[in-house]
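data30.tsv follows; it contains TSV, C-alpha atoms and all ligand atoms.
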```tsv
chain	number	residue	atom	x	y	z
A	1	MET	CA	132.33	97.89	125.46
A	2	THR	CA	129.20	99.55	126.71
A	3	ASP	CA	128.06	98.39	130.10
A	4	ASN	CA	124.29	98.54	129.79
A	5	SER	CA	123.78	98.11	133.53
A	6	ASN	CA	124.98	101.70	133.87
A	7	HIS	CA	122.36	102.73	131.36
A	8	ILE	CA	119.62	100.96	133.33
A	9	ALA	CA	120.89	102.30	136.64
A	10	HIS	CA	120.83	105.79	135.15
A	11	ALA	CA	117.19	105.23	134.18
A	12	ALA	CA	116.44	104.22	137.78
A	13	ASN	CA	118.05	107.38	139.10
A	14	PHE	CA	116.11	109.44	136.58
A	15	ILE	CA	112.81	107.86	137.67
A	16	ARG	CA	113.65	108.31	141.34
A	17	SER	CA	114.53	111.96	141.05
A	18	ARG	CA	111.56	113.15	139.01
A	19	ASN	CA	108.03	114.15	139.88
A	20	LEU	CA	106.03	111.76	137.71
A	21	GLU	CA	102.37	111.65	136.84
A	22	PHE	CA	100.54	109.09	134.74
A	23	VAL	CA	98.23	110.09	131.92
A	24	LEU	CA	96.00	108.01	129.68
A	25	ALA	CA	97.91	107.22	126.52
A	26	ASP	CA	96.54	106.70	123.05
A	27	ASN	CA	98.77	104.12	121.49
A	28	PRO	CA	102.18	103.70	123.14
A	29	LYS	CA	104.51	101.17	121.62
A	30	SER	CA	107.50	99.14	122.72
A	31	ILE	CA	110.47	99.92	120.46
A	32	CYS	CA	113.58	97.81	119.90
A	33	PRO	CA	116.46	99.74	121.50
A	34	HIS	CA	118.78	98.62	118.71
A	35	CYS	CA	116.91	99.08	115.42
A	36	HIS	CA	113.83	101.02	116.67
A	37	GLN	CA	111.33	98.62	115.15
A	38	VAL	CA	108.00	98.39	116.95
A	39	LEU	CA	107.86	95.25	119.08
A	40	GLU	CA	104.41	93.76	118.89
A	41	LEU	CA	103.25	91.30	121.48
A	42	PHE	CA	101.02	88.43	120.66
A	43	GLU	CA	99.63	85.38	122.35
A	44	THR	CA	99.92	81.75	121.48
A	45	THR	CA	98.13	78.53	122.19
A	46	GLU	CA	101.10	76.38	121.17
A	47	PRO	CA	101.34	73.28	123.39
A	48	GLY	CA	104.15	73.51	125.91
A	49	CYS	CA	104.60	77.21	125.46
A	50	VAL	CA	104.79	78.99	128.79
A	51	SER	CA	104.64	82.51	127.44
A	52	ARG	CA	101.84	84.44	129.05
A	53	GLU	CA	99.32	86.54	127.30
A	54	ARG	CA	100.60	90.05	126.98
A	55	ILE	CA	98.85	92.42	124.71
A	56	LEU	CA	99.82	95.96	123.99
A	57	PRO	CA	97.31	98.18	122.28
A	58	VAL	CA	99.09	98.18	118.97
A	59	GLU	CA	97.15	98.43	115.76
A	60	ASN	CA	97.68	94.76	115.01
A	61	SER	CA	98.14	93.08	118.34
A	62	VAL	CA	98.73	89.73	116.68
A	63	ASN	CA	102.08	89.66	114.95
A	64	GLU	CA	101.82	86.42	113.06
A	65	SER	CA	104.08	87.55	110.27
A	66	THR	CA	107.31	87.02	112.19
A	67	GLY	CA	106.18	84.03	114.25
A	68	ALA	CA	108.66	85.09	116.90
A	69	PHE	CA	108.21	85.99	120.51
A	70	ILE	CA	109.60	89.30	121.60
A	71	TYR	CA	110.34	87.88	125.06
A	72	ASP	CA	111.98	84.51	125.46
A	73	ASP	CA	112.08	84.03	129.21
A	74	GLY	CA	112.19	85.83	132.54
A	75	ASP	CA	112.69	85.40	136.25
A	76	MET	CA	111.71	87.14	139.46
A	77	ILE	CA	114.02	90.05	140.32
A	78	PRO	CA	115.68	89.45	143.71
A	79	LEU	CA	114.75	92.24	146.08
A	80	ASP	CA	115.56	92.88	149.70
A	81	LYS	CA	113.52	95.95	150.42
A	82	GLU	CA	110.13	95.25	148.86
A	83	SER	CA	108.11	95.64	152.03
A	84	ALA	CA	109.39	99.18	152.25
A	85	PHE	CA	106.90	100.30	149.64
A	86	ALA	CA	104.64	97.41	148.69
A	87	PRO	CA	102.73	94.64	150.44
A	88	ILE	CA	104.06	91.33	149.19
A	89	ASP	CA	100.58	90.06	148.33
A	90	ARG	CA	99.95	92.92	145.92
A	91	PHE	CA	103.22	93.30	144.09
A	92	ASP	CA	105.45	91.20	141.88
A	93	ARG	CA	108.32	91.87	139.52
A	94	GLU	CA	110.14	90.10	136.75
A	95	LEU	CA	113.07	90.70	134.40
A	96	SER	CA	112.38	89.35	130.92
A	97	GLN	CA	114.83	88.99	128.07
A	98	GLY	CA	113.96	89.07	124.41
A	99	THR	CA	115.47	88.98	120.96
A	100	CYS	CA	114.33	91.47	118.37
A	101	PRO	CA	112.60	89.68	115.46
A	102	SER	CA	113.97	92.34	113.11
A	103	CYS	CA	117.64	92.77	114.07
A	104	ASP	CA	118.36	89.89	116.51
A	105	GLY	CA	119.45	92.42	119.13
A	106	LEU	CA	119.09	91.40	122.78
A	107	TYR	CA	117.14	93.47	125.26
A	108	CYS	CA	115.60	93.20	128.71
A	109	THR	CA	112.47	94.65	130.27
A	110	VAL	CA	111.30	94.99	133.85
A	111	PHE	CA	107.68	93.94	134.39
A	112	LEU	CA	105.93	95.06	137.57
A	113	HIS	CA	102.48	93.78	138.47
A	114	VAL	CA	100.47	95.60	141.11
A	115	SER	CA	97.00	94.54	142.20
A	116	SER	CA	94.22	96.63	143.70
A	117	ARG	CA	93.57	94.10	146.45
A	118	PRO	CA	95.55	91.35	148.19
A	119	ILE	CA	95.89	88.15	146.23
A	120	ARG	CA	96.25	84.75	147.84
A	121	THR	CA	99.92	83.90	147.40
A	122	GLU	CA	101.78	80.71	146.78
A	123	VAL	CA	105.28	80.05	148.08
A	124	ASN	CA	108.22	79.01	145.94
A	125	ARG	CA	111.03	76.63	146.84
A	126	GLN	CA	112.95	79.35	148.62
A	127	GLY	CA	109.93	80.08	150.77
A	128	GLU	CA	109.31	83.41	149.07
A	129	PRO	CA	105.72	84.31	148.29
A	130	PHE	CA	104.92	85.03	144.68
A	131	PHE	CA	101.76	85.33	142.73
A	132	PHE	CA	102.19	86.75	139.28
A	133	VAL	CA	105.40	85.45	137.79
A	134	ASP	CA	104.53	81.78	137.66
A	135	SER	CA	100.77	82.06	137.53
A	136	GLU	CA	98.21	82.22	134.83
A	137	ILE	CA	96.46	85.55	134.76
A	138	SER	CA	93.30	85.88	132.76
A	139	PHE	CA	92.36	89.33	131.65
A	140	GLU	CA	88.80	90.13	130.78
A	141	GLY	CA	86.90	93.32	130.30
A	142	TYR	CA	88.33	96.59	129.24
A	143	ARG	CA	91.76	97.99	129.84
A	144	ASN	CA	93.37	101.37	130.00
A	145	VAL	CA	96.88	102.32	129.05
A	146	PHE	CA	98.95	104.96	130.80
A	147	SER	CA	102.25	106.62	130.12
A	148	PRO	CA	104.25	108.46	132.75
A	149	VAL	CA	104.94	112.14	132.18
A	150	LEU	CA	106.88	114.63	134.16
A	151	LYS	CA	104.66	117.02	136.05
A	152	GLY	CA	103.48	119.59	133.56
A	153	GLU	CA	103.12	116.91	130.87
A	154	ILE	CA	106.65	117.10	129.59
A	155	PRO	CA	107.38	113.86	127.71
A	156	PHE	CA	109.21	111.27	129.76
A	157	SER	CA	112.22	109.70	128.09
A	158	ILE	CA	112.40	106.30	129.83
A	159	PRO	CA	110.39	103.57	128.02
A	160	TRP	CA	107.54	102.85	130.43
A	161	ILE	CA	104.01	101.75	129.58
A	162	VAL	CA	101.29	100.81	132.05
A	163	VAL	CA	98.52	98.46	130.94
A	164	ARG	CA	95.65	98.43	133.42
A	165	HIS	CA	93.55	95.28	133.35
A	166	ASN	CA	90.27	96.28	134.87
A	167	ASN	CA	88.94	92.81	135.54
A	168	ALA	CA	91.74	90.32	136.15
A	169	HIS	CA	91.69	86.90	137.73
A	170	LEU	CA	94.50	84.57	138.77
A	171	ASP	CA	93.99	80.87	138.35
A	172	PHE	CA	94.43	79.89	141.99
A	173	ASP	CA	92.84	82.94	143.62
A	174	PRO	CA	89.50	81.92	145.20
A	175	ASP	CA	88.50	85.55	145.73
A	176	LEU	CA	86.06	86.52	142.97
A	177	SER	CA	85.74	90.17	143.94
A	178	LEU	CA	86.91	92.84	141.55
A	179	CYS	CA	90.66	92.79	140.99
A	180	ILE	CA	92.45	95.45	138.96
A	181	ILE	CA	96.02	94.72	137.92
A	182	ASP	CA	98.44	97.31	136.60
A	183	GLU	CA	101.13	95.81	134.41
A	184	HIS	CA	104.13	98.12	134.24
A	185	ILE	CA	106.39	97.49	131.27
A	186	ILE	CA	109.69	99.33	131.85
A	187	GLY	CA	112.02	98.83	128.93
A	188	PRO	CA	113.22	97.37	126.68
A	189	PHE	CA	116.81	98.25	127.48
A	190	PRO	CA	119.62	97.03	125.19
A	191	LEU	CA	121.84	94.13	126.18
A	192	THR	CA	125.17	93.12	124.66
A	193	VAL	CA	125.96	89.51	123.82
A	194	GLN	CA	128.14	89.41	126.94
A	195	GLU	CA	125.17	90.51	129.03
A	196	ASN	CA	122.93	87.73	127.69
A	197	LEU	CA	120.89	86.63	130.72
A	198	ALA	CA	119.94	83.22	129.33
A	199	GLU	CA	121.54	80.17	130.91
A	200	GLU	CA	121.02	76.56	129.94
A	201	ILE	CA	117.99	76.55	132.21
A	202	GLY	CA	116.71	79.84	130.81
A	203	VAL	CA	116.83	83.24	132.45
A	204	ALA	CA	117.72	82.67	136.10
A	205	ALA	CA	118.62	85.37	138.59
A	206	CYS	CA	120.53	82.97	140.84
A	207	MET	CA	122.80	81.91	137.97
A	208	GLY	CA	123.20	85.48	136.78
A	209	ALA	CA	124.72	86.41	140.13
A	210	LEU	CA	127.79	84.32	139.26
A	211	ASP	CA	128.83	86.48	136.32
A	212	ARG	CA	129.90	90.10	136.67
A	213	PHE	CA	128.09	91.43	133.59
A	214	ARG	CA	124.86	89.58	134.26
A	215	LYS	CA	124.97	90.40	137.95
A	216	ASN	CA	125.20	94.11	137.14
A	217	ILE	CA	122.08	93.83	134.98
A	218	TRP	CA	120.14	92.11	137.76
A	219	LEU	CA	121.26	94.75	140.27
A	220	ALA	CA	120.24	97.51	137.87
A	221	ALA	CA	116.85	95.83	137.42
A	222	GLU	CA	116.45	95.80	141.20
A	223	ASP	CA	117.22	99.49	141.18
A	224	ILE	CA	114.47	100.06	138.59
A	225	VAL	CA	111.98	98.19	140.80
A	226	LEU	CA	112.93	100.22	143.86
A	227	ALA	CA	112.67	103.49	141.90
A	228	ALA	CA	109.44	102.72	140.03
A	229	GLY	CA	107.67	100.69	142.72
A	230	PRO	CA	106.46	103.63	144.81
A	231	PHE	CA	105.05	105.34	141.70
A	232	ALA	CA	103.31	102.10	140.70
A	233	MET	CA	101.71	101.73	144.13
A	234	LYS	CA	100.63	105.35	144.16
A	235	LEU	CA	99.02	105.01	140.74
A	236	ILE	CA	96.82	102.08	141.68
A	237	GLU	CA	96.03	103.45	145.15
A	238	THR	CA	94.84	106.83	143.92
A	239	ASP	CA	93.25	105.83	140.64
A	240	THR	CA	91.23	102.83	141.75
A	241	ALA	CA	89.93	104.11	145.07
A	242	ASP	CA	86.55	104.96	143.55
A	243	LEU	CA	86.30	101.68	141.72
A	244	SER	CA	86.33	99.38	144.72
A	245	ASN	CA	82.53	99.25	144.85
A	246	THR	CA	82.02	99.45	141.13
A	247	LYS	CA	80.93	96.46	139.15
A	248	ILE	CA	82.66	96.42	135.82
A	301	ZN	ZN	115.79	95.40	116.61
```
As structure tokens, what does this structure read like?
Amino acid sequence: MTDNSNHIAHAANFIRSRNLEFVLADNPKSICPHCHQVLELFETTEPGCVSRERILPVENSVNESTGAFIYDDGDMIPLDKESAFAPIDRFDRELSQGTCPSCDGLYCTVFLHVSSRPIRTEVNRQGEPFFFVDSEISFEGYRNVFSPVLKGEIPFSIPWIVVRHNNAHLDFDPDLSLCIIDEHIIGPFPLTVQENLAEEIGVAACMGALDRFRKNIWLAAEDIVLAAGPFAMKLIETDTADLSNTKI
């Protein structure tokens, strides 16, 4: 049986060891790692649905034909070394699991959110600050989409799309000054049935730690965050420096 955590860990090593740049991308797409169908994100207003708005710049961003979400649930990725590269009030990360509407294959994706300025944080039950994972983010205004390339514009083989929301606001943040949020979508990576991250309570990192296969996936996801985090911070630091006084 394939251990997909090795696959994800390999991706982390690849990211870490390369000299990456980000370029504006025309129309990147998330692809199912099993059947290679395009995974289209859409939003819903269904009562009780906790899925957040996530829109990729696909030709038809509303995929009403399947009526299925491409991500079912997610949880914050446990991380010990986050302050090494990112201020806690500007950075958040999540591992989401989904089921392909076309082939029923399981996959997981690492989402990183990085903000251009500190955001007032809340604290969860464990006393850890968080601000993106369990919050409503409203995105207005225009957005840009980036793809990473190796220096010299050689195509980069790890699935990684960056959606930059140029005028974002979080529901509990009283600061109304300009806030740019980069949403890094790293994945999807395939999961086997044995690696299914969903528990009775949904996707939960603390429960996943009790099972060898799931634990390896969570550790590999942490590795992706540690590898990609510095690139994510560099992107928003260098690219938005001139925008801080710009009204969008
Ligand atoms: Zn599929």
- prompt: Counting only C-alpha atoms and all ligand atoms, what residues are within 8 Å of ligand ZN 301 (chain A), given as a list in words?
  reply: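 Here is the list of contacting residues: Ile31, Cys32, Pro33, His34, Cys35, His36, Gln37, Thr99, Cys100, Pro101, Ser102, Cys103, Asp104 and Gly105 of chain A.
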Self-check item: Close residues, Trp218 of chain A itself excluded, 10 Å, all atoms listed in the file, min 5 positions apart in chain, as a ChimeraX atom specification
Solution: /A:5,8,76-79,95,197,204-206,208-209,213,223-224
Atom CA of Ser17 of chain A to atom CA of Phe231 of chain A measures 11.6 Å
Closest of A:Glu94, A:Glu21, A:Asp72, A:Asp89 to Pro155 of chain A - atom-to-atom distances counting all atoms listed in the file |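 Going through A:Glu94, A:Glu21, A:Asp72, A:Asp89 one by one, the smallest distance to Pro155 of chain A is for A:Glu21.
One distance worth recording is that between atom CA of Ile88 of chain A and atom CA of Pro118 of chain A, which is 8.6 Å.
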